[in-house]
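**Student:** Please see the structure below; I have some questions.
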Amino acid sequence: MPESQAAADKKTSKPDVPVQLIVFRLAGEEYGIRIEQVKEVTLTPEIARMPKTPRFVKGIANLRGDIIAIIDLEERFRLRTANNEPVTGVTYTMAIEAKDYTIGIIVREVPQPLSLSAASIEKAPEFIQDLNINDKYIEGIARVENRIIIVLDMLKLLTPEEIMQLRPKATSSAAAERR
């Protein structure tokens, strides 16, 4: 290999930095979220359904005093098949905290922590990204022994329009003046 090619490869390779993921299953496949994006994992609280929300939004719930939207990623990613029943029974909710909002993600099993090197997360091929989402929410694909884990960037999962639907409505200044 020419020296210039070896130098270019070295520049593009990721440093061997440890990465902490929270790993969970959706429709039999493993997904991971960087631990710094997960605020907490808890038993799913009672969910109140909300009108006029996307199908994947199961409703809202009170999570330690905060009202958050609860999302079913199997529906969001269109992974649910006829054999794959809707989420029922005991489930867990991962609270994901972004700058402007907190959402809950429903999972069927207790999510597990996993530590791996950043070098083991490969860039996701363009063809597997959702064409309806402007930002790429699949950060990469991790290979750990004989496992393949799809690593998600939860901060890019929702479109700006979806985020606006999930945020509580701000009171207008005119309404505030009338009080």
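Each chain of the structure tokens is named A, B, ... in the order shown, its residues numbered from 1; ligands are numbered from 1 in display order.
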Assign secondary structure with DSSP using the backbone only, and return the residues of range 47-110 of chain A in helix (DSSP H, G or I) as a list in words.
**Tutor:**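 Residues meeting the helix (DSSP H, G or I) criterion: Leu73, Glu74, Glu75 and Arg76 of chain A.
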**Student:** Grab the residues selected above and save them as a compact mmCIF listing (two decimals), in the first residue's frame with C-alpha atoms.
**Tutor:**
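Output file selection_7.txt follows:
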# COMPACT_ATOMS: atom_id res chain seq x y z
CA LEU A 73 -40.45 2.53 17.61
CA GLU A 74 -41.70 -0.75 16.08
CA GLU A 75 -44.54 1.27 14.55
CA ARG A 76 -42.29 4.26 13.78
**Student:** Which of these, A:Pro18, A:Gly59, A:Gly89, A:Pro111, has the shortest distance to Val38 in chain A once you count only C-alpha atoms?
**Tutor:**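 Nearest to Val38 in chain A: A:Pro111.
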**Student:** May I have all residues of range 9-159 of chain A that DSSP, computed from the backbone, assigns to strand (DSSP E), given as a ChimeraX atom specification?
**Tutor:** /A:18-26,29-34,38-43,57-63,66-71,92-97,102-107,112-117,121-122,138-144,147-152
**Student:** Env of Glu162 in chain A: 12 Å cut, atoms = only C-alpha atoms, seq-sep filter 4 positions within chain, self excluded. Answer as a count of residues only.
**Tutor:** 17
**Student:** Just the number, please: distance in Å from CA of Glu40 in chain A to CA of Arg108 in chain A, one decimal.
**Tutor:**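 Between CA of Glu40 in chain A and CA of Arg108 in chain A the gap works out to 15.5 Å.
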**Student:** Looking at A:Val107, A:Glu97, A:Lys39, A:Thr91, which one is nearest to Asp72 in chain A, with distances taken over only C-alpha atoms?
**Tutor:** A:Val107
